$ cat input-v1.cif   # mmCIF, C-alpha atoms
data_data
#
loop_
_atom_site.group_PDB
_atom_site.id
_atom_site.type_symbol
_atom_site.label_atom_id
_atom_site.label_comp_id
_atom_site.auth_asym_id
_atom_site.auth_seq_id
_atom_site.Cartn_x
_atom_site.Cartn_y
_atom_site.Cartn_z
ATOM 1 C CA MET A 1 -11.703 4.969 15.017
ATOM 2 C CA LEU A 2 -9.553 3.802 12.123
ATOM 3 C CA ARG A 3 -6.326 5.637 11.388
ATOM 4 C CA LEU A 4 -3.024 5.214 9.605
ATOM 5 C CA ILE A 5 0.200 5.076 11.605
ATOM 6 C CA LYS A 6 3.834 4.814 10.565
ATOM 7 C CA THR A 7 5.938 1.772 11.350
ATOM 8 C CA SER A 8 7.634 1.651 14.745
ATOM 9 C CA VAL A 9 9.462 -0.931 16.851
ATOM 10 C CA ASP A 10 6.554 -0.774 19.330
ATOM 11 C CA GLN A 11 4.413 -2.646 16.800
ATOM 12 C CA LYS A 12 6.594 -5.754 16.657
ATOM 13 C CA GLU A 13 4.016 -8.276 17.889
ATOM 14 C CA GLN A 14 1.221 -6.722 15.823
ATOM 15 C CA ILE A 15 3.283 -6.664 12.628
ATOM 16 C CA LEU A 16 4.515 -10.221 13.109
ATOM 17 C CA ALA A 17 0.920 -11.384 13.651
ATOM 18 C CA PHE A 18 -0.199 -9.441 10.561
ATOM 19 C CA LEU A 19 2.479 -11.060 8.386
ATOM 20 C CA GLU A 20 1.929 -14.530 9.851
ATOM 21 C CA GLU A 21 -1.747 -14.451 8.920
ATOM 22 C CA TRP A 22 -0.806 -13.964 5.249
ATOM 23 C CA TYR A 23 1.890 -16.662 5.418
ATOM 24 C CA GLU A 24 -0.549 -19.147 6.967
ATOM 25 C CA ARG A 25 -2.903 -18.625 4.017
ATOM 26 C CA ASP A 26 -0.017 -18.851 1.546
ATOM 27 C CA GLU A 27 -1.033 -15.489 0.053
ATOM 28 C CA ARG A 28 1.186 -12.817 -1.453
ATOM 29 C CA ILE A 29 1.361 -9.988 1.065
ATOM 30 C CA VAL A 30 0.052 -6.653 -0.169
ATOM 31 C CA PRO A 31 1.600 -4.192 -0.156
ATOM 32 C CA THR A 32 4.809 -6.048 -0.914
ATOM 33 C CA SER A 33 6.798 -3.328 0.865
ATOM 34 C CA VAL A 34 5.942 -4.902 4.250
ATOM 35 C CA ASP A 35 6.965 -8.437 3.217
ATOM 36 C CA ARG A 36 10.561 -8.355 4.437
ATOM 37 C CA GLU A 37 12.839 -10.273 6.744
ATOM 38 C CA THR A 38 11.806 -9.574 10.358
ATOM 39 C CA THR A 39 14.450 -11.505 12.316
ATOM 40 C CA ASP A 40 16.133 -8.208 13.192
ATOM 41 C CA PHE A 41 12.978 -6.192 13.803
ATOM 42 C CA GLU A 42 14.769 -2.887 14.345
ATOM 43 C CA ALA A 43 16.393 -3.319 10.913
ATOM 44 C CA TYR A 44 12.954 -4.119 9.445
ATOM 45 C CA VAL A 45 11.530 -0.867 10.812
ATOM 46 C CA ASN A 46 14.621 1.091 9.770
ATOM 47 C CA THR A 47 14.406 -0.242 6.208
ATOM 48 C CA LEU A 48 10.782 0.843 5.849
ATOM 49 C CA ARG A 49 11.425 4.270 7.393
ATOM 50 C CA GLN A 50 14.564 4.926 5.316
ATOM 51 C CA LYS A 51 12.567 4.474 2.092
ATOM 52 C CA GLU A 52 10.849 7.774 2.884
ATOM 53 C CA LEU A 53 14.057 9.690 2.129
ATOM 54 C CA ARG A 54 15.175 10.288 -1.462
ATOM 55 C CA GLU A 55 18.864 9.946 -0.580
ATOM 56 C CA ASN A 56 18.262 6.323 0.483
ATOM 57 C CA ILE A 57 16.462 5.260 -2.691
ATOM 58 C CA GLU A 58 18.042 2.886 -5.183
ATOM 59 C CA GLU A 59 17.987 3.723 -8.872
ATOM 60 C CA GLY A 60 14.678 2.794 -10.459
ATOM 61 C CA TRP A 61 12.734 3.251 -7.217
ATOM 62 C CA VAL A 62 10.901 6.226 -5.692
ATOM 63 C CA PRO A 63 10.559 7.429 -2.100
ATOM 64 C CA SER A 64 7.633 5.825 -0.295
ATOM 65 C CA THR A 65 6.015 5.790 3.119
ATOM 66 C CA THR A 66 4.438 2.723 4.685
ATOM 67 C CA TYR A 67 1.459 3.132 6.970
ATOM 68 C CA TRP A 68 -0.525 0.590 8.964
ATOM 69 C CA LEU A 69 -4.302 0.726 9.319
ATOM 70 C CA THR A 70 -5.236 0.308 12.967
ATOM 71 C CA ASP A 71 -8.384 0.408 15.018
ATOM 72 C CA GLY A 72 -6.249 1.136 18.083
ATOM 73 C CA GLU A 73 -6.037 -2.530 19.058
ATOM 74 C CA GLU A 74 -4.723 -4.407 16.031
ATOM 75 C CA LEU A 75 -3.234 -3.824 12.607
ATOM 76 C CA LEU A 76 -5.886 -4.461 9.979
ATOM 77 C CA GLY A 77 -4.047 -3.432 6.836
ATOM 78 C CA ALA A 78 -1.031 -1.720 5.346
ATOM 79 C CA ALA A 79 -0.594 0.940 2.676
ATOM 80 C CA ASN A 80 2.540 1.966 0.812
ATOM 81 C CA ILE A 81 2.401 5.493 -0.581
ATOM 82 C CA ARG A 82 4.762 6.354 -3.415
ATOM 83 C CA HIS A 83 5.759 10.021 -3.320
ATOM 84 C CA GLU A 84 6.007 10.188 -7.106
ATOM 85 C CA LEU A 85 5.608 7.971 -10.152
ATOM 86 C CA ASN A 86 8.237 6.544 -12.449
ATOM 87 C CA GLU A 87 7.656 4.807 -15.787
ATOM 88 C CA SER A 88 7.016 1.448 -14.116
ATOM 89 C CA LEU A 89 4.573 2.803 -11.522
ATOM 90 C CA LEU A 90 2.610 4.555 -14.274
ATOM 91 C CA LYS A 91 1.833 1.081 -15.643
ATOM 92 C CA ILE A 92 1.601 -1.011 -12.483
ATOM 93 C CA GLY A 93 1.456 0.152 -8.883
ATOM 94 C CA GLY A 94 0.498 3.797 -8.991
ATOM 95 C CA HIS A 95 0.695 6.042 -5.948
ATOM 96 C CA VAL A 96 -0.785 3.629 -3.397
ATOM 97 C CA GLY A 97 -0.412 -0.094 -2.807
ATOM 98 C CA TYR A 98 -2.678 -1.386 -0.068
ATOM 99 C CA GLY A 99 -3.916 -4.594 1.489
ATOM 100 C CA VAL A 100 -6.125 -5.762 4.325
ATOM 101 C CA LYS A 101 -5.222 -8.903 6.246
ATOM 102 C CA PRO A 102 -7.391 -11.920 5.405
ATOM 103 C CA SER A 103 -9.368 -11.993 8.678
ATOM 104 C CA ALA A 104 -10.346 -8.321 8.314
ATOM 105 C CA ARG A 105 -11.621 -8.447 4.742
ATOM 106 C CA GLY A 106 -15.213 -7.861 3.686
ATOM 107 C CA ARG A 107 -15.921 -5.246 6.346
ATOM 108 C CA GLY A 108 -15.175 -2.047 4.417
ATOM 109 C CA PHE A 109 -11.700 -1.525 5.878
ATOM 110 C CA ALA A 110 -9.993 -1.340 2.474
ATOM 111 C CA THR A 111 -12.268 1.481 1.309
ATOM 112 C CA ILE A 112 -11.507 3.474 4.459
ATOM 113 C CA GLN A 113 -7.806 2.611 4.274
ATOM 114 C CA LEU A 114 -7.549 3.902 0.700
ATOM 115 C CA GLN A 115 -9.476 7.044 1.664
ATOM 116 C CA LEU A 116 -7.013 7.696 4.509
ATOM 117 C CA ALA A 117 -4.047 6.913 2.248
ATOM 118 C CA LEU A 118 -5.315 9.382 -0.358
ATOM 119 C CA GLU A 119 -5.297 12.074 2.333
ATOM 120 C CA LYS A 120 -1.584 11.304 2.868
ATOM 121 C CA VAL A 121 -0.991 11.455 -0.892
ATOM 122 C CA LYS A 122 -2.674 14.862 -1.009
ATOM 123 C CA GLU A 123 -0.403 16.059 1.832
ATOM 124 C CA LEU A 124 2.547 15.320 -0.492
ATOM 125 C CA GLY A 125 1.156 17.915 -2.911
ATOM 126 C CA ILE A 126 -0.095 15.360 -5.405
ATOM 127 C CA GLU A 127 -3.309 16.554 -7.053
ATOM 128 C CA ARG A 128 -4.190 13.408 -8.999
ATOM 129 C CA ALA A 129 -3.459 9.906 -7.690
ATOM 130 C CA LEU A 130 -3.044 6.782 -9.789
ATOM 131 C CA ILE A 131 -4.311 3.543 -8.236
ATOM 132 C CA THR A 132 -4.044 0.181 -10.012
ATOM 133 C CA CYS A 133 -5.285 -3.366 -9.551
ATOM 134 C CA ASN A 134 -5.378 -6.563 -11.569
ATOM 135 C CA ARG A 135 -8.536 -6.889 -13.630
ATOM 136 C CA THR A 136 -9.358 -10.105 -11.743
ATOM 137 C CA ASN A 137 -9.303 -8.306 -8.359
ATOM 138 C CA ILE A 138 -12.957 -7.275 -8.283
ATOM 139 C CA ALA A 139 -12.849 -6.272 -4.596
ATOM 140 C CA SER A 140 -9.933 -3.884 -5.098
ATOM 141 C CA ARG A 141 -11.569 -2.441 -8.205
ATOM 142 C CA GLN A 142 -14.669 -1.648 -6.130
ATOM 143 C CA VAL A 143 -12.568 -0.052 -3.372
ATOM 144 C CA ILE A 144 -10.968 2.232 -5.972
ATOM 145 C CA LEU A 145 -14.342 3.109 -7.491
ATOM 146 C CA ASN A 146 -15.730 3.789 -3.993
ATOM 147 C CA ASN A 147 -12.970 6.371 -3.613
ATOM 148 C CA GLY A 148 -13.772 8.180 -6.868
ATOM 149 C CA GLY A 149 -11.551 6.267 -9.276
ATOM 150 C CA ILE A 150 -11.961 7.136 -12.954
ATOM 151 C CA ALA A 151 -10.845 4.377 -15.327
ATOM 152 C CA ASP A 152 -7.912 5.012 -17.651
ATOM 153 C CA THR A 153 -6.394 2.769 -20.321
ATOM 154 C CA PRO A 154 -5.505 -0.639 -18.830
ATOM 155 C CA TYR A 155 -1.966 -2.008 -19.085
ATOM 156 C CA THR A 156 -1.298 -5.579 -20.197
ATOM 157 C CA GLU A 157 1.772 -7.262 -18.735
ATOM 158 C CA GLU A 158 3.958 -9.622 -20.772
ATOM 159 C CA ASP A 159 2.248 -12.643 -19.206
ATOM 160 C CA GLY A 160 -1.178 -11.359 -20.292
ATOM 161 C CA THR A 161 -2.240 -10.027 -16.887
ATOM 162 C CA VAL A 162 -4.417 -6.974 -17.376
ATOM 163 C CA VAL A 163 -3.845 -4.169 -14.886
ATOM 164 C CA GLU A 164 -6.699 -1.711 -14.474
ATOM 165 C CA ARG A 165 -5.577 1.894 -13.950
ATOM 166 C CA PHE A 166 -7.685 4.550 -12.192
ATOM 167 C CA TRP A 167 -7.094 8.229 -11.462
ATOM 168 C CA ILE A 168 -8.523 9.949 -8.394
ATOM 169 C CA ASP A 169 -8.721 13.750 -8.282
ATOM 170 C CA LEU A 170 -7.385 15.100 -4.973
ATOM 171 C CA LYS A 171 -7.751 18.814 -5.671
ATOM 172 C CA GLY A 172 -11.263 19.169 -4.250
#

$ encode --input "input-v1.cif" --output "structure tokens"
Amino acid sequence: MLRLIKTSVDQKEQILAFLEEWYERDERIVPTSVDRETTDFEAYVNTLRQKELRENIEEGWVPSTTYWLTDGEELLGAANIRHELNESLLKIGGHVGYGVKPSARGRGFATIQLQLALEKVKELGIERALITCNRTNIASRQVILNNGGIADTPYTEEDGTVVERFWIDLKG
């Protein structure tokens, strides 16, 4: 059974293996919140957990919670849930950033991971979640649509990258 769990020091080997898989493929780790220095693993965990509390948030950022998708044996993906949106997140990022490690892709894990993440978003009292992806990321677009995403006006970054924006109703 797939579920989302918060970061803990007990996951050290699993998290390091998760990150290493992305590094070996020379891919940008998604969500970027988990791509941090891990030499002091307790500090790594503490940094992620402290971002959940408003009093620890730097100006221009919002509180967020990082979860790991697990099947009970290994970490398959990660999701970063933003507790609110600021001007930047309304354009790019939205309420949930998520990624599945390369070896676990193509098996439906991302769709389930986003579904589970949206349940966490709803628990925060958010009734309508914004999820974004680059227009070129067809797989992520499909994951969002599979979870009820309704297209909104895209945002074009300065470099010409088009970011698709989708809203998902969580009231029902």

$ residues_around --input "input-v1.cif" --residues "Leu4 in chain A" --least-positions-apart "5" --cutoff "6 Å" --atoms "all atoms listed in the file" --output "PyMOL selection string"
chain A and resi 67-69

$ resolve_selection --input "input-v1.cif" --expression "the PyMOL selection byres ((chain A and resi 106-121) around 7)" --output "ChimeraX atom specification"
/A:4,69,79,81,99-100,104-105,122-124,126,143,146-147

$ axis_aligned_box --input "input-v1.cif" --around "range 153-164 of chain A" --padding-each-side "6 Å" --output "AutoDock Vina command-line options"
--center_x -1.4 --center_y -4.9 --center_z -17.6 --size_x 22.7 --size_y 27.4 --size_z 18.3

$ residues_near_point --input "input-v1.cif" --point "(-3.1, -1.5, 17.3)" --cutoff "10 Å" --atoms "only C-alpha atoms" --output "number ranges by chain"
A: 2-3, 5, 10-11, 13-15, 68-76

$ closest_residue --input "input-v1.cif" --among "A:Leu145, A:Leu48, A:Val162, A:Leu16" --to "Ile92 in chain A" --atoms "all atoms listed in the file"
A:Val162

$ resolve_selection --input "input-v1.cif" --expression "the PyMOL selection byres ((chain A and resi 33) around 10)" --output "ChimeraX atom specification"
/A:29-32,34-36,47-48,51,64-66,78-81,97-98

$ atom_distance --input "input-v1.cif" --atom1 "CA of Asp40 in chain A" --atom2 "CA of Glu52 in chain A"
19.7 Å

$ closest_residue --input "input-v1.cif" --among "A:Glu42, A:Glu84, A:Glu157, A:Glu37" --to "Gly60 in chain A" --atoms "all atoms listed in the file"
A:Glu84

$ resolve_selection --input "input-v1.cif" --expression "the PyMOL selection byres ((chain A and resi 127) around 6)" --output "PDB file with C-alpha atoms, in the coordinates of the input"
ATOM      1  CA  ILE A 126      -0.095  15.360  -5.405  1.00  0.00           C
ATOM      2  CA  ARG A 128      -4.190  13.408  -8.999  1.00  0.00           C
ATOM      3  CA  LEU A 170      -7.385  15.100  -4.973  1.00  0.00           C
ATOM      4  CA  LYS A 171      -7.751  18.814  -5.671  1.00  0.00           C
TER       5      LYS A 171
END
